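The file target-v7.pdb contains PDB, C-alpha atoms:
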ATOM      1  CA  MET A   1     -17.526  49.894  20.396
ATOM      2  CA  THR A   2     -17.350  46.343  19.146
ATOM      3  CA  GLY A   3     -15.406  47.062  15.966
ATOM      4  CA  TRP A   4     -18.102  45.081  14.168
ATOM      5  CA  ARG A   5     -19.272  46.014  10.699
ATOM      6  CA  ALA A   6     -22.636  44.781   9.472
ATOM      7  CA  VAL A   7     -24.608  44.749   6.248
ATOM      8  CA  LEU A   8     -28.324  45.179   6.973
ATOM      9  CA  ASP A   9     -30.902  43.632   4.677
ATOM     10  CA  ALA A  10     -33.253  46.169   3.026
ATOM     11  CA  GLN A  11     -36.153  44.872   5.119
ATOM     12  CA  VAL A  12     -34.193  45.668   8.290
ATOM     13  CA  TRP A  13     -33.567  49.235   7.094
ATOM     14  CA  VAL A  14     -37.214  49.845   6.251
ATOM     15  CA  SER A  15     -38.532  48.197   9.417
ATOM     16  CA  GLY A  16     -36.206  50.338  11.501
ATOM     17  CA  ALA A  17     -37.438  53.482   9.777
ATOM     18  CA  ILE A  18     -41.108  52.769  10.072
ATOM     19  CA  SER A  19     -41.595  51.126  13.428
ATOM     20  CA  ARG A  20     -39.926  51.391  16.796
ATOM     21  CA  HIS A  21     -41.150  47.894  17.643
ATOM     22  CA  GLY A  22     -38.824  44.975  17.024
ATOM     23  CA  PRO A  23     -35.057  44.679  16.720
ATOM     24  CA  ALA A  24     -34.544  46.731  13.542
ATOM     25  CA  ARG A  25     -34.932  50.168  15.165
ATOM     26  CA  ALA A  26     -32.886  49.034  18.154
ATOM     27  CA  LEU A  27     -30.085  48.057  15.762
ATOM     28  CA  LEU A  28     -30.143  51.486  14.144
ATOM     29  CA  ASP A  29     -29.983  53.037  17.620
ATOM     30  CA  GLU A  30     -26.941  50.907  18.417
ATOM     31  CA  ALA A  31     -25.300  52.000  15.168
ATOM     32  CA  ARG A  32     -26.002  55.641  15.996
ATOM     33  CA  LYS A  33     -24.383  55.117  19.390
ATOM     34  CA  GLY A  34     -21.324  53.754  17.614
ATOM     35  CA  ALA A  35     -21.688  50.149  18.812
ATOM     36  CA  PHE A  36     -21.059  48.971  15.236
ATOM     37  CA  ARG A  37     -20.706  50.380  11.745
ATOM     38  CA  ILE A  38     -23.187  49.677   8.952
ATOM     39  CA  VAL A  39     -21.885  48.615   5.549
ATOM     40  CA  THR A  40     -24.091  49.244   2.558
ATOM     41  CA  SER A  41     -23.906  49.475  -1.229
ATOM     42  CA  ALA A  42     -25.788  50.862  -4.207
ATOM     43  CA  TYR A  43     -27.537  47.508  -4.560
ATOM     44  CA  VAL A  44     -28.850  47.563  -0.979
ATOM     45  CA  GLN A  45     -29.766  51.261  -1.196
ATOM     46  CA  ALA A  46     -31.776  50.682  -4.380
ATOM     47  CA  GLU A  47     -33.690  47.847  -2.735
ATOM     48  CA  VAL A  48     -34.464  50.007   0.309
ATOM     49  CA  ARG A  49     -35.738  52.841  -1.905
ATOM     50  CA  GLU A  50     -37.880  50.422  -3.884
ATOM     51  CA  ILE A  51     -39.537  49.070  -0.726
ATOM     52  CA  PHE A  52     -40.233  52.600   0.519
ATOM     53  CA  ALA A  53     -41.905  53.394  -2.813
ATOM     54  CA  ARG A  54     -44.462  50.562  -2.536
ATOM     55  CA  PRO A  55     -48.011  51.888  -1.937
ATOM     56  CA  ALA A  56     -48.581  49.296   0.806
ATOM     57  CA  VAL A  57     -45.513  50.664   2.619
ATOM     58  CA  ARG A  58     -46.208  54.331   1.931
ATOM     59  CA  ARG A  59     -49.528  54.060   3.786
ATOM     60  CA  PHE A  60     -47.518  53.598   6.993
ATOM     61  CA  LEU A  61     -45.370  56.703   6.413
ATOM     62  CA  ALA A  62     -46.116  59.913   8.304
ATOM     63  CA  PRO A  63     -46.748  62.968   6.082
ATOM     64  CA  GLY A  64     -43.657  64.669   7.560
ATOM     65  CA  PHE A  65     -41.408  61.653   7.149
ATOM     66  CA  ASP A  66     -39.270  61.734   4.014
ATOM     67  CA  PRO A  67     -37.774  58.236   3.647
ATOM     68  CA  LEU A  68     -35.009  59.369   1.320
ATOM     69  CA  GLU A  69     -33.908  62.118   3.674
ATOM     70  CA  TRP A  70     -34.041  59.635   6.548
ATOM     71  CA  LEU A  71     -31.909  57.177   4.589
ATOM     72  CA  GLU A  72     -29.367  59.861   3.789
ATOM     73  CA  VAL A  73     -28.967  61.129   7.339
ATOM     74  CA  VAL A  74     -28.788  57.646   8.840
ATOM     75  CA  GLU A  75     -26.126  56.680   6.309
ATOM     76  CA  LEU A  76     -24.249  59.896   7.021
ATOM     77  CA  CYS A  77     -23.787  59.066  10.699
ATOM     78  CA  THR A  78     -23.677  55.269  10.706
ATOM     79  CA  ALA A  79     -22.739  53.752   7.363
ATOM     80  CA  ASP A  80     -19.969  53.150   4.868
ATOM     81  CA  VAL A  81     -21.169  52.826   1.276
ATOM     82  CA  VAL A  82     -18.968  50.392  -0.612
ATOM     83  CA  GLU A  83     -18.871  49.584  -4.281
ATOM     84  CA  SER A  84     -21.081  46.655  -5.121
ATOM     85  CA  ALA A  85     -19.184  43.586  -6.156
ATOM     86  CA  GLU A  86     -20.066  40.471  -8.005
ATOM     87  CA  GLY A  87     -18.586  37.042  -7.797
ATOM     88  CA  PRO A  88     -19.411  33.388  -8.219
ATOM     89  CA  VAL A  89     -22.813  32.142  -7.074
ATOM     90  CA  VAL A  90     -23.012  31.693  -3.297
ATOM     91  CA  VAL A  91     -26.685  31.132  -2.484
ATOM     92  CA  ALA A  92     -27.520  28.337  -4.885
ATOM     93  CA  ALA A  93     -31.209  28.450  -3.905
ATOM     94  CA  ASP A  94     -31.404  32.168  -4.632
ATOM     95  CA  PRO A  95     -28.395  33.730  -6.398
ATOM     96  CA  ASP A  96     -30.151  37.105  -6.513
ATOM     97  CA  ASP A  97     -29.318  37.529  -2.838
ATOM     98  CA  ASP A  98     -25.615  37.237  -3.581
ATOM     99  CA  PRO A  99     -25.032  41.023  -3.868
ATOM    100  CA  TYR A 100     -25.611  41.186  -0.116
ATOM    101  CA  LEU A 101     -22.878  38.663   0.532
ATOM    102  CA  TRP A 102     -20.503  40.363  -1.883
ATOM    103  CA  THR A 103     -21.269  43.746  -0.283
ATOM    104  CA  ALA A 104     -20.296  42.194   3.033
ATOM    105  CA  TYR A 105     -17.093  40.822   1.546
ATOM    106  CA  VAL A 106     -16.034  44.081  -0.117
ATOM    107  CA  GLY A 107     -16.936  46.076   2.993
ATOM    108  CA  ALA A 108     -15.071  43.698   5.317
ATOM    109  CA  ALA A 109     -18.286  43.164   7.264
ATOM    110  CA  SER A 110     -18.222  40.888  10.268
ATOM    111  CA  HIS A 111     -21.991  40.296  10.028
ATOM    112  CA  LEU A 112     -24.802  40.218   7.511
ATOM    113  CA  VAL A 113     -28.121  40.834   9.262
ATOM    114  CA  THR A 114     -31.227  39.476   7.566
ATOM    115  CA  TRP A 115     -34.546  37.731   7.989
ATOM    116  CA  ASP A 116     -34.134  36.011   4.598
ATOM    117  CA  ALA A 117     -34.092  32.249   5.131
ATOM    118  CA  ALA A 118     -32.065  31.514   1.983
ATOM    119  CA  VAL A 119     -29.293  33.916   3.011
ATOM    120  CA  LEU A 120     -29.400  32.759   6.645
ATOM    121  CA  SER A 121     -28.781  29.218   5.455
ATOM    122  CA  VAL A 122     -25.308  30.321   4.272
ATOM    123  CA  LYS A 123     -24.308  30.991   7.936
ATOM    124  CA  HIS A 124     -20.735  32.085   7.092
ATOM    125  CA  PHE A 125     -19.209  33.626   3.995
ATOM    126  CA  ARG A 126     -15.552  34.653   3.738
ATOM    127  CA  GLY A 127     -15.330  36.035   7.269
ATOM    128  CA  THR A 128     -18.913  37.288   7.481
ATOM    129  CA  GLN A 129     -21.384  35.689   9.843
ATOM    130  CA  VAL A 130     -25.013  35.676   8.633
ATOM    131  CA  VAL A 131     -27.422  36.283  11.508
ATOM    132  CA  GLU A 132     -30.981  37.309  12.311
ATOM    133  CA  PRO A 133     -31.590  40.861  13.611
ATOM    134  CA  ALA A 134     -32.623  39.730  17.106
ATOM    135  CA  SER A 135     -29.561  37.534  17.418
ATOM    136  CA  PHE A 136     -27.218  40.317  16.271
ATOM    137  CA  LEU A 137     -28.831  42.735  18.710
ATOM    138  CA  ALA A 138     -28.401  40.272  21.566
ATOM    139  CA  SER A 139     -24.724  39.800  20.666
ATOM    140  CA  LEU A 140     -24.179  43.566  20.570
ATOM    141  CA  ARG A 141     -25.796  44.042  23.962
ATOM    142  CA  ALA A 142     -23.865  41.148  25.458
ATOM    143  CA  ARG A 143     -20.645  42.903  24.481
ATOM    144  CA  ALA A 144     -21.705  46.325  25.747
ATOM    145  CA  PRO A 145     -19.576  47.582  28.651
TER
ATOM    146  CA  MET B   1     -12.581  71.614  -2.098
ATOM    147  CA  ASN B   2      -8.913  71.442  -3.050
ATOM    148  CA  ARG B   3      -7.725  68.328  -4.844
ATOM    149  CA  ILE B   4      -4.421  66.723  -4.020
ATOM    150  CA  SER B   5      -2.664  63.527  -4.978
ATOM    151  CA  THR B   6      -1.368  60.961  -2.521
ATOM    152  CA  LEU B   7       2.149  62.087  -3.503
ATOM    153  CA  ASP B   8       1.366  65.673  -2.475
ATOM    154  CA  LEU B   9      -0.212  64.388   0.708
ATOM    155  CA  ARG B  10       2.960  62.547   1.676
ATOM    156  CA  ALA B  11       5.187  65.458   0.763
ATOM    157  CA  HIS B  12       3.175  68.223   2.445
ATOM    158  CA  LEU B  13       1.156  66.582   5.203
ATOM    159  CA  GLY B  14       2.188  69.015   7.954
ATOM    160  CA  GLU B  15       1.459  72.080   5.830
ATOM    161  CA  LEU B  16      -1.913  70.674   4.720
ATOM    162  CA  LEU B  17      -2.941  69.927   8.292
ATOM    163  CA  ASP B  18      -1.997  73.477   9.291
ATOM    164  CA  ARG B  19      -4.203  74.834   6.507
ATOM    165  CA  VAL B  20      -7.093  72.647   7.690
ATOM    166  CA  ARG B  21      -6.601  73.663  11.321
ATOM    167  CA  LEU B  22      -5.982  77.371  10.810
ATOM    168  CA  ARG B  23      -7.862  78.241   7.607
ATOM    169  CA  PHE B  24     -10.502  75.511   7.650
ATOM    170  CA  ASP B  25      -9.422  74.416   4.160
ATOM    171  CA  THR B  26     -10.684  71.064   2.923
ATOM    172  CA  PHE B  27      -8.919  68.598   0.648
ATOM    173  CA  VAL B  28      -9.999  65.664  -1.474
ATOM    174  CA  ILE B  29      -7.230  63.128  -1.865
ATOM    175  CA  GLU B  30      -7.036  61.392  -5.220
ATOM    176  CA  ARG B  31      -5.222  58.232  -6.169
ATOM    177  CA  LYS B  32      -4.867  57.398  -9.859
ATOM    178  CA  GLY B  33      -7.451  60.074 -10.661
ATOM    179  CA  ARG B  34     -10.058  58.667  -8.264
ATOM    180  CA  GLU B  35     -11.288  60.298  -5.074
ATOM    181  CA  VAL B  36     -10.335  58.140  -2.102
ATOM    182  CA  ALA B  37     -10.605  60.331   0.992
ATOM    183  CA  ALA B  38     -11.052  63.860   2.272
ATOM    184  CA  ILE B  39      -9.468  65.931   4.974
ATOM    185  CA  ILE B  40     -11.864  68.302   6.696
ATOM    186  CA  PRO B  41     -11.685  70.053  10.063
ATOM    187  CA  ALA B  42     -12.508  67.576  12.830
ATOM    188  CA  GLU B  43     -15.089  69.927  14.290
ATOM    189  CA  ARG B  44     -16.946  70.025  10.959
ATOM    190  CA  ALA B  45     -16.971  66.232  10.720
ATOM    191  CA  ARG B  46     -18.344  66.006  14.253
ATOM    192  CA  ARG B  47     -21.041  68.585  13.526
ATOM    193  CA  LEU B  48     -22.091  66.748  10.375
ATOM    194  CA  GLU B  49     -22.446  63.478  12.277
ATOM    195  CA  ASP B  50     -24.272  65.158  15.156
ATOM    196  CA  PHE B  51     -26.680  66.806  12.732
ATOM    197  CA  ALA B  52     -27.346  63.488  10.980
ATOM    198  CA  ARG B  53     -27.962  61.699  14.296
ATOM    199  CA  ARG B  54     -30.315  64.417  15.504
ATOM    200  CA  ARG B  55     -32.225  64.693  12.234
ATOM    201  CA  SER B  56     -32.680  60.935  11.827
ATOM    202  CA  ALA B  57     -34.013  60.727  15.399
ATOM    203  CA  GLU B  58     -36.380  63.648  14.705
ATOM    204  CA  LEU B  59     -37.753  61.936  11.596
ATOM    205  CA  GLU B  60     -38.227  58.690  13.513
ATOM    206  CA  ALA B  61     -40.087  60.558  16.265
ATOM    207  CA  ILE B  62     -42.461  61.989  13.629
ATOM    208  CA  GLN B  63     -42.953  58.506  12.233
ATOM    209  CA  ASP B  64     -43.506  56.911  15.666
ATOM    210  CA  ALA B  65     -46.082  59.546  16.623
ATOM    211  CA  TYR B  66     -47.948  58.946  13.359
ATOM    212  CA  LEU B  67     -48.103  55.164  13.734
ATOM    213  CA  GLY B  68     -49.326  55.567  17.307
ATOM    214  CA  GLN B  69     -51.901  58.166  16.297
ATOM    215  CA  LYS B  70     -53.234  55.975  13.475
ATOM    216  CA  GLY B  71     -53.372  52.976  15.771
ATOM    217  CA  PHE B  72     -51.559  50.597  13.431
ATOM    218  CA  ASP B  73     -50.888  47.218  15.020
ATOM    219  CA  PRO B  74     -47.075  46.701  15.139
ATOM    220  CA  ASP B  75     -47.461  43.047  14.161
ATOM    221  CA  GLU B  76     -49.588  43.991  11.167
ATOM    222  CA  VAL B  77     -46.964  46.555  10.133
ATOM    223  CA  ALA B  78     -44.168  43.977  10.456
ATOM    224  CA  VAL B  79     -46.067  41.391   8.375
ATOM    225  CA  SER B  80     -46.848  43.965   5.665
ATOM    226  CA  LEU B  81     -43.236  45.120   5.477
ATOM    227  CA  ALA B  82     -41.996  41.539   5.200
ATOM    228  CA  ARG B  83     -44.459  40.873   2.379
ATOM    229  CA  GLU B  84     -43.507  44.052   0.518
ATOM    230  CA  ALA B  85     -39.787  43.409   0.943
ATOM    231  CA  GLN B  86     -40.285  39.949  -0.517
ATOM    232  CA  ALA B  87     -42.274  41.406  -3.420
ATOM    233  CA  VAL B  88     -39.423  43.814  -4.198
ATOM    234  CA  LYS B  89     -36.887  40.982  -4.148
ATOM    235  CA  SER B  90     -39.072  38.980  -6.551
ATOM    236  CA  ARG B  91     -39.465  41.961  -8.898
ATOM    237  CA  ARG B  92     -35.723  42.586  -8.921
ATOM    238  CA  LYS B  93     -35.088  38.930  -9.734
ATOM    239  CA  ALA B  94     -37.546  39.060 -12.609
ATOM    240  CA  ARG B  95     -35.804  42.169 -13.995
ATOM    241  CA  ARG B  96     -32.362  40.567 -13.768
ATOM    242  CA  ARG B  97     -33.481  37.520 -15.770
TER
END
Would you give me this structure, written as structure tokens?
Amino acid sequence: MTGWRAVLDAQVWVSGAISRHGPARALLDEARKGAFRIVTSAYVQAEVREIFARPAVRRFLAPGFDPLEWLEVVELCTADVVESAEGPVVVAADPDDDPYLWTAYVGAASHLVTWDAAVLSVKHFRGTQVVEPASFLASLRARAP
Amino acid sequence: MNRISTLDLRAHLGELLDRVRLRFDTFVIERKGREVAAIIPAERARRLEDFARRRSAELEAIQDAYLGQKGFDPDEVAVSLAREAQAVKSRRKARRR
């Protein structure tokens, strides 16, 4: 265990659910093994549900795969759901991404994991490091015993 | 589940833990009228987590088999998901303004 806590962007959640290719699923596997703890919030959950509901995403879903059940069971074993928080604007280029940063702050997250360029440009926010999924995965594996 | 205050918790911790261990009682701890934590038997907590791990892996196996069966290109899937995630972010922004 690294003791790390990470907020995952909604795209990371959905990618990890749908495809085993790429770092998103591997991150969820690491979380299930207890390598780190996921931090999430109502804001992030709502965004994940909205992506799952898109017809262009639903076409990839297996008939026996219920995304909401999947989300619930993954959260049950890997995640802490914190209250969303709001604060002053952080990402000037895109303040609508701020709830992710404030979720990280409220949840004492060490990392925020995202592919979003505007959020990545923040790099650090009040003790949270903003990183890409592949980079976070590499750091986790480098610390594995 | 039984509800107890943090004051009761401090005053009766040993007794409460005995009830959890011997009678499998569960308690929700409240502070200032808000639920802050729960005490449940450790075995039950472990079983819940094990169930969630197993079930999430089962659902992913169903999903993986389907994608393979349909022959979706992983790169195409990744590009589509990125586009849809971006579309959701844009819609949420529009709603907030």
Item to check | Polymer residues at most 12 Å from stretch 135-138 of chain A, all atoms listed in the file, same-chain spacing of 2 or more positions, as a PyMOL selection string | outcome: chain A and resi 2+4-8+12+22-31+35-36+110-115+120+129-133+140-144
Item to check | Residue contacts of A:Gly107 (8 Å, all atoms listed in the file) excluding same-chain residues fewer than 4 positions away, as a PyMOL selection string | outcome: chain A and resi 39-40+80+82+103
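With only C-alpha atoms as the atoms that count, the minimum distance from chain A to the choices B:Leu9, B:Ala85, B:Leu17, B:Ile4 is reached by B:Ala85.
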Next on the checklist: I need the contact residues of chain A against chain B, so if you could list those with any atom within 8 Å, counting only C-alpha atoms, and return them as a list in words, that would help.
Outcome noted: Ala10, Gln11, Val14, Ser15, Ala17, Ile18, Ser19, Arg20, His21, Arg32, Glu47, Glu50, Ile51, Arg54, Ala56, Val57, Phe60, Leu61, Ala62, Gly64, Phe65, Asp66, Trp70, Val73, Val74, Leu76, Cys77 and Asp96 of chain A
Just to be explicit: take each residue in the selection above, keep C-alpha atoms, and write the result as a compact mmCIF listing (two decimals), in the coordinates of the input.
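And here is the file that came out, part.txt:
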# COMPACT_ATOMS: atom_id res chain seq x y z
CA ALA A 10 -33.25 46.17 3.03
CA GLN A 11 -36.15 44.87 5.12
CA VAL A 14 -37.21 49.84 6.25
CA SER A 15 -38.53 48.20 9.42
CA ALA A 17 -37.44 53.48 9.78
CA ILE A 18 -41.11 52.77 10.07
CA SER A 19 -41.60 51.13 13.43
CA ARG A 20 -39.93 51.39 16.80
CA HIS A 21 -41.15 47.89 17.64
CA ARG A 32 -26.00 55.64 16.00
CA GLU A 47 -33.69 47.85 -2.74
CA GLU A 50 -37.88 50.42 -3.88
CA ILE A 51 -39.54 49.07 -0.73
CA ARG A 54 -44.46 50.56 -2.54
CA ALA A 56 -48.58 49.30 0.81
CA VAL A 57 -45.51 50.66 2.62
CA PHE A 60 -47.52 53.60 6.99
CA LEU A 61 -45.37 56.70 6.41
CA ALA A 62 -46.12 59.91 8.30
CA GLY A 64 -43.66 64.67 7.56
CA PHE A 65 -41.41 61.65 7.15
CA ASP A 66 -39.27 61.73 4.01
CA TRP A 70 -34.04 59.64 6.55
CA VAL A 73 -28.97 61.13 7.34
CA VAL A 74 -28.79 57.65 8.84
CA LEU A 76 -24.25 59.90 7.02
CA CYS A 77 -23.79 59.07 10.70
CA ASP A 96 -30.15 37.10 -6.51
Checklist entry - Evaluating the PyMOL selection byres ((chain B and resi 42) around 12) on the displayed file yields which residues, as a PyMOL selection string? => result chain B and resi 17+20-22+24-26+38-41+43-49
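Separating atom CA of A:Val81 from atom CA of A:Ala42 is a distance of 7.4 Å.
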Checklist entry - Once the PyMOL selection byres ((chain A and resi 121) around 10) has been applied to the shown file, what residues remain in the selection, as a PyMOL selection string? => result chain A and resi 91+93+116-120+122-124+130-131
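The residue set within 8 Å of A:Glu86, counting all atoms listed in the file and dropping same-chain residues fewer than 5 places from it, reads Asp98, Pro99 and Trp102 of chain A.
The space between atom CA of B:Arg95 and atom CA of A:Glu83 spans 20.9 Å.
Counting from atom CA of A:Arg126, the distance to atom CA of A:Trp13 is 23.4 Å.
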Put a box with edges along x, y and z around all the listed atoms of stretch 36-43 of chain B, pad it by 3 Å on each side, then give me its centre and sizes in Å, one decimal, as AutoDock Vina command-line options.
--center_x -12.3 --center_y 64.1 --center_z 6.1 --size_x 11.6 --size_y 17.9 --size_z 22.4
Checklist entry - Using all atoms listed in the file, which of B:Arg31, B:Arg23, B:Gln69, B:Glu76 sits nearest B:Asp8? => result B:Arg31
Save stretch 76-93 of chain B to disk from that block, N, CA and C atoms included, as a PDB file, in the first residue's frame.
ATOM      1  N   GLU B  76     -10.200   2.634 -31.315  1.00  0.00           N
ATOM      2  CA  GLU B  76     -11.451   3.298 -31.717  1.00  0.00           C
ATOM      3  C   GLU B  76     -12.320   3.539 -30.467  1.00  0.00           C
ATOM      4  N   VAL B  77     -12.348   2.544 -29.591  1.00  0.00           N
ATOM      5  CA  VAL B  77     -13.123   2.676 -28.349  1.00  0.00           C
ATOM      6  C   VAL B  77     -12.574   3.846 -27.522  1.00  0.00           C
ATOM      7  N   ALA B  78     -11.246   3.898 -27.389  1.00  0.00           N
ATOM      8  CA  ALA B  78     -10.629   4.954 -26.573  1.00  0.00           C
ATOM      9  C   ALA B  78     -10.931   6.340 -27.141  1.00  0.00           C
ATOM     10  N   VAL B  79     -10.862   6.469 -28.466  1.00  0.00           N
ATOM     11  CA  VAL B  79     -11.125   7.774 -29.107  1.00  0.00           C
ATOM     12  C   VAL B  79     -12.593   8.164 -28.895  1.00  0.00           C
ATOM     13  N   SER B  80     -13.491   7.201 -29.059  1.00  0.00           N
ATOM     14  CA  SER B  80     -14.925   7.490 -28.864  1.00  0.00           C
ATOM     15  C   SER B  80     -15.199   7.919 -27.430  1.00  0.00           C
ATOM     16  N   LEU B  81     -14.606   7.213 -26.478  1.00  0.00           N
ATOM     17  CA  LEU B  81     -14.861   7.558 -25.067  1.00  0.00           C
ATOM     18  C   LEU B  81     -14.328   8.948 -24.746  1.00  0.00           C
ATOM     19  N   ALA B  82     -13.169   9.287 -25.296  1.00  0.00           N
ATOM     20  CA  ALA B  82     -12.606  10.617 -25.057  1.00  0.00           C
ATOM     21  C   ALA B  82     -13.540  11.686 -25.624  1.00  0.00           C
ATOM     22  N   ARG B  83     -14.060  11.428 -26.815  1.00  0.00           N
ATOM     23  CA  ARG B  83     -14.960  12.397 -27.457  1.00  0.00           C
ATOM     24  C   ARG B  83     -16.248  12.547 -26.645  1.00  0.00           C
ATOM     25  N   GLU B  84     -16.794  11.438 -26.180  1.00  0.00           N
ATOM     26  CA  GLU B  84     -18.047  11.498 -25.423  1.00  0.00           C
ATOM     27  C   GLU B  84     -17.840  12.151 -24.053  1.00  0.00           C
ATOM     28  N   ALA B  85     -16.703  11.870 -23.444  1.00  0.00           N
ATOM     29  CA  ALA B  85     -16.410  12.503 -22.146  1.00  0.00           C
ATOM     30  C   ALA B  85     -16.305  14.013 -22.316  1.00  0.00           C
ATOM     31  N   GLN B  86     -15.686  14.424 -23.402  1.00  0.00           N
ATOM     32  CA  GLN B  86     -15.559  15.862 -23.676  1.00  0.00           C
ATOM     33  C   GLN B  86     -16.933  16.474 -23.916  1.00  0.00           C
ATOM     34  N   ALA B  87     -17.784  15.745 -24.640  1.00  0.00           N
ATOM     35  CA  ALA B  87     -19.135  16.253 -24.929  1.00  0.00           C
ATOM     36  C   ALA B  87     -19.923  16.441 -23.633  1.00  0.00           C
ATOM     37  N   VAL B  88     -19.755  15.510 -22.697  1.00  0.00           N
ATOM     38  CA  VAL B  88     -20.462  15.627 -21.410  1.00  0.00           C
ATOM     39  C   VAL B  88     -19.949  16.840 -20.646  1.00  0.00           C
ATOM     40  N   LYS B  89     -18.638  17.037 -20.641  1.00  0.00           N
ATOM     41  CA  LYS B  89     -18.088  18.210 -19.948  1.00  0.00           C
ATOM     42  C   LYS B  89     -18.662  19.491 -20.563  1.00  0.00           C
ATOM     43  N   SER B  90     -18.734  19.551 -21.882  1.00  0.00           N
ATOM     44  CA  SER B  90     -19.250  20.752 -22.545  1.00  0.00           C
ATOM     45  C   SER B  90     -20.718  20.977 -22.199  1.00  0.00           C
ATOM     46  N   ARG B  91     -21.497  19.890 -22.159  1.00  0.00           N
ATOM     47  CA  ARG B  91     -22.923  20.021 -21.820  1.00  0.00           C
ATOM     48  C   ARG B  91     -23.108  20.521 -20.394  1.00  0.00           C
ATOM     49  N   ARG B  92     -22.274  19.998 -19.490  1.00  0.00           N
ATOM     50  CA  ARG B  92     -22.383  20.397 -18.084  1.00  0.00           C
ATOM     51  C   ARG B  92     -22.020  21.879 -17.933  1.00  0.00           C
ATOM     52  N   LYS B  93     -21.025  22.301 -18.689  1.00  0.00           N
ATOM     53  CA  LYS B  93     -20.641  23.726 -18.642  1.00  0.00           C
ATOM     54  C   LYS B  93     -21.796  24.599 -19.113  1.00  0.00           C
TER      55      LYS B  93
END
